[in-house]
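Raw contents of coords-v8.cif, mmCIF, C-alpha atoms, pLDDT in the B column; chains and numbers go by the auth columns:
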data_protein
#
loop_
_atom_site.group_PDB
_atom_site.id
_atom_site.type_symbol
_atom_site.label_atom_id
_atom_site.label_comp_id
_atom_site.label_asym_id
_atom_site.label_seq_id
_atom_site.Cartn_x
_atom_site.Cartn_y
_atom_site.Cartn_z
_atom_site.B_iso_or_equiv
_atom_site.auth_seq_id
_atom_site.auth_asym_id
ATOM 1 C CA MET A 1 9.184 -40.104 -39.026 58.00 155 S
ATOM 2 C CA THR A 2 7.864 -37.307 -36.870 65.00 156 S
ATOM 3 C CA VAL A 3 7.707 -37.333 -33.144 68.00 157 S
ATOM 4 C CA ASN A 4 4.617 -35.898 -31.545 67.00 158 S
ATOM 5 C CA VAL A 5 5.697 -33.695 -28.704 70.00 159 S
ATOM 6 C CA THR A 6 2.875 -32.399 -26.616 70.00 160 S
ATOM 7 C CA PRO A 7 3.663 -29.260 -24.664 73.00 161 S
ATOM 8 C CA ARG A 8 3.861 -29.913 -20.958 77.00 162 S
ATOM 9 C CA LYS A 9 1.273 -28.147 -18.888 79.00 163 S
ATOM 10 C CA LYS A 10 2.651 -26.025 -16.110 76.00 164 S
ATOM 11 C CA PRO A 11 1.578 -27.170 -12.665 80.00 165 S
ATOM 12 C CA ILE A 12 -0.839 -25.001 -10.726 85.00 166 S
ATOM 13 C CA ARG A 13 1.904 -24.222 -8.208 86.00 167 S
ATOM 14 C CA PHE A 14 3.976 -22.600 -10.971 85.00 168 S
ATOM 15 C CA LYS A 15 1.032 -20.523 -12.190 87.00 169 S
ATOM 16 C CA ILE A 16 0.267 -19.322 -8.673 89.00 170 S
ATOM 17 C CA GLY A 17 3.941 -18.458 -8.182 88.00 171 S
ATOM 18 C CA VAL A 18 4.009 -16.339 -11.328 87.00 172 S
ATOM 19 C CA ALA A 19 0.777 -14.626 -10.296 91.00 173 S
ATOM 20 C CA LEU A 20 2.276 -13.814 -6.893 91.00 174 S
ATOM 21 C CA LEU A 21 5.393 -12.335 -8.490 88.00 175 S
ATOM 22 C CA VAL A 22 3.253 -10.124 -10.721 90.00 176 S
ATOM 23 C CA CYS A 23 1.152 -9.181 -7.707 92.00 177 S
ATOM 24 C CA CYS A 24 4.345 -8.242 -5.865 91.00 178 S
ATOM 25 C CA ALA A 25 5.247 -5.701 -8.544 89.00 179 S
ATOM 26 C CA LEU A 26 1.771 -4.208 -8.370 92.00 180 S
ATOM 27 C CA ILE A 27 1.929 -3.987 -4.587 92.00 181 S
ATOM 28 C CA TYR A 28 5.182 -2.033 -4.811 92.00 182 S
ATOM 29 C CA LEU A 29 3.370 0.467 -7.033 92.00 183 S
ATOM 30 C CA GLY A 30 1.058 0.981 -4.082 91.00 184 S
ATOM 31 C CA VAL A 31 3.921 2.763 -2.320 91.00 185 S
ATOM 32 C CA LEU A 32 3.728 5.510 -4.936 92.00 186 S
ATOM 33 C CA VAL A 33 -0.008 5.821 -4.423 92.00 187 S
ATOM 34 C CA VAL A 34 0.373 6.125 -0.652 92.00 188 S
ATOM 35 C CA LEU A 35 2.834 8.987 -1.036 91.00 189 S
ATOM 36 C CA PHE A 36 0.119 11.154 -2.587 92.00 190 S
ATOM 37 C CA LEU A 37 -2.615 10.358 -0.058 90.00 191 S
ATOM 38 C CA PRO A 38 -3.629 13.153 2.329 93.00 192 S
ATOM 39 C CA LEU A 39 -2.227 11.502 5.470 92.00 193 S
ATOM 40 C CA ASP A 40 0.266 12.608 8.074 94.00 194 S
ATOM 41 C CA ALA A 41 3.828 11.283 7.968 93.00 195 S
ATOM 42 C CA VAL A 42 3.232 8.642 10.644 95.00 196 S
ATOM 43 C CA GLY A 43 0.239 7.221 8.782 93.00 197 S
ATOM 44 C CA LYS A 44 2.131 7.115 5.496 94.00 198 S
ATOM 45 C CA ALA A 45 5.104 5.409 7.134 94.00 199 S
ATOM 46 C CA ALA A 46 2.882 2.768 8.718 95.00 200 S
ATOM 47 C CA ILE A 47 1.051 2.036 5.477 94.00 201 S
ATOM 48 C CA ILE A 48 4.252 1.926 3.434 94.00 202 S
ATOM 49 C CA GLY A 49 5.796 -0.456 5.974 95.00 203 S
ATOM 50 C CA GLY A 50 2.813 -2.768 5.666 95.00 204 S
ATOM 51 C CA VAL A 51 2.890 -2.575 1.880 94.00 205 S
ATOM 52 C CA VAL A 52 6.585 -3.475 1.771 94.00 206 S
ATOM 53 C CA VAL A 53 6.058 -6.430 4.116 95.00 207 S
ATOM 54 C CA ALA A 54 3.156 -7.648 1.964 94.00 208 S
ATOM 55 C CA ALA A 55 5.230 -7.310 -1.211 93.00 209 S
ATOM 56 C CA GLU A 56 8.176 -9.186 0.257 94.00 210 S
ATOM 57 C CA THR A 57 5.846 -11.952 1.443 94.00 211 S
ATOM 58 C CA CYS A 58 4.432 -12.251 -2.078 93.00 212 S
ATOM 59 C CA THR A 59 7.966 -12.377 -3.456 90.00 213 S
ATOM 60 C CA VAL A 60 9.028 -15.198 -1.146 91.00 214 S
ATOM 61 C CA LEU A 61 5.871 -17.207 -1.807 92.00 215 S
ATOM 62 C CA GLY A 62 6.138 -16.551 -5.556 90.00 216 S
ATOM 63 C CA VAL A 63 9.745 -17.737 -5.680 88.00 217 S
ATOM 64 C CA ALA A 64 8.760 -20.835 -3.731 88.00 218 S
ATOM 65 C CA GLY A 65 5.974 -21.441 -6.239 88.00 219 S
ATOM 66 C CA VAL A 66 7.955 -21.089 -9.449 86.00 220 S
ATOM 67 C CA GLY A 67 10.904 -23.045 -8.118 84.00 221 S
ATOM 68 C CA LYS A 68 14.631 -22.604 -7.829 79.00 222 S
ATOM 69 C CA GLU A 69 15.378 -23.422 -11.461 79.00 223 S
ATOM 70 C CA ALA A 70 13.007 -20.794 -12.838 80.00 224 S
ATOM 71 C CA VAL A 71 14.432 -18.083 -10.573 77.00 225 S
ATOM 72 C CA GLN A 72 17.988 -18.979 -11.586 80.00 226 S
ATOM 73 C CA ALA A 73 16.974 -18.886 -15.252 80.00 227 S
ATOM 74 C CA LEU A 74 15.466 -15.416 -14.804 75.00 228 S
ATOM 75 C CA LYS A 75 18.568 -14.168 -12.997 78.00 229 S
ATOM 76 C CA ALA A 76 20.773 -15.511 -15.781 81.00 230 S
ATOM 77 C CA ARG A 77 18.560 -13.968 -18.440 82.00 231 S
ATOM 78 C CA PHE A 78 18.668 -10.516 -16.882 78.00 232 S
ATOM 79 C CA GLY A 79 22.314 -10.781 -15.768 76.00 233 S
ATOM 80 C CA LEU A 80 21.610 -10.061 -12.103 63.00 234 S
ATOM 81 C CA LYS A 81 24.460 -12.153 -10.735 60.00 235 S
ATOM 82 C CA ARG A 82 26.989 -10.572 -13.074 60.00 236 S
ATOM 83 C CA ARG A 83 25.918 -7.023 -12.132 57.00 237 S
ATOM 84 C CA LYS A 84 26.079 -7.757 -8.423 56.00 238 S
ATOM 85 C CA ARG A 85 29.517 -9.344 -8.753 57.00 239 S
ATOM 86 C CA ASP A 86 30.780 -6.332 -10.712 58.00 240 S
ATOM 87 C CA ARG A 87 29.584 -3.906 -8.035 58.00 241 S
ATOM 88 C CA VAL A 88 31.227 -5.952 -5.290 58.00 242 S
ATOM 89 C CA ASP A 89 34.535 -6.080 -7.159 58.00 243 S
ATOM 90 C CA GLY A 90 34.454 -2.328 -7.662 61.00 244 S
ATOM 91 C CA ARG A 91 34.422 -2.598 -11.431 61.00 245 S
ATOM 92 C CA ALA A 92 32.009 -0.686 -13.584 59.00 246 S
ATOM 93 C CA PRO A 93 29.274 -2.870 -15.129 57.00 247 S
ATOM 94 C CA VAL A 94 30.023 -3.893 -18.684 56.00 248 S
ATOM 95 C CA ALA A 95 27.737 -2.217 -21.217 57.00 249 S
ATOM 96 C CA LYS A 96 26.236 -4.402 -23.892 54.00 250 S
#
Show the structure stored in the file as structure tokens.
Amino acid sequence: MTVNVTPRKKPIRFKIGVALLVCCALIYLGVLVVLFLPLDAVGKAAIIGGVVVAAETCTVLGVAGVGKEAVQALKARFGLKRRKRDRVDGRAPVAK
């Protein structure tokens, strides 16, 4: 006896959240582009500030879109909590 398991479709909110997180990474690459533009220091600083604010906004909206469980799963997969805890304790991170 086989059980037919149809894969669950991801809701549109999840897909938009993932797209915003990818967009956030691309926006941060914009900082590197701005550094090489022929602008004065004040102009570069203003543009970089706006780019960082836009990227952080995309991050917050993306995390809200994918949900708490997905973000926790990603953190566990990449070991972000463990690394942060090791730095706070003063221990060197454990190499795998």
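Listed by chain and then by number, the residues chosen by the PyMOL selection byres ((chain S and resi 218-229) around 10) in this file are Lys164, Pro165, Ile166, Arg167, Phe168, Lys169, Ile170, Gly171, Val172, Ala173, Leu174, Leu175, Cys212, Thr213, Val214, Leu215, Gly216, Val217, Ala230, Arg231, Phe232, Gly233, Leu234, Lys235 and Arg236 of chain S.
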*What's the 10 Å shell around Gly197 of chain S, counting only C-alpha atoms, without same-chain residues fewer than 6 positions away, as JSON, numbers by chain?*
{"S": [188, 191, 203]}
For segment 200-216 of chain S, I'd like the enclosing box, axis-aligned and padded by 8 Å on every side, reported as lines of an AutoDock Vina configuration file with centre and edge lengths in Å to one decimal.
center_x = 5.0
center_y = -7.2
center_z = 1.6
size_x = 24.0
size_y = 36.0
size_z = 30.3
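Of note, atom CA of Val176 of chain S and atom CA of Pro192 of chain S are spaced 27.6 Å apart.
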*Neighbourhood query: residues within 12 Å of (5.3, 3.6, -5.1), file coordinates, counting all atoms listed in the file; return as a count of residues only.*
21
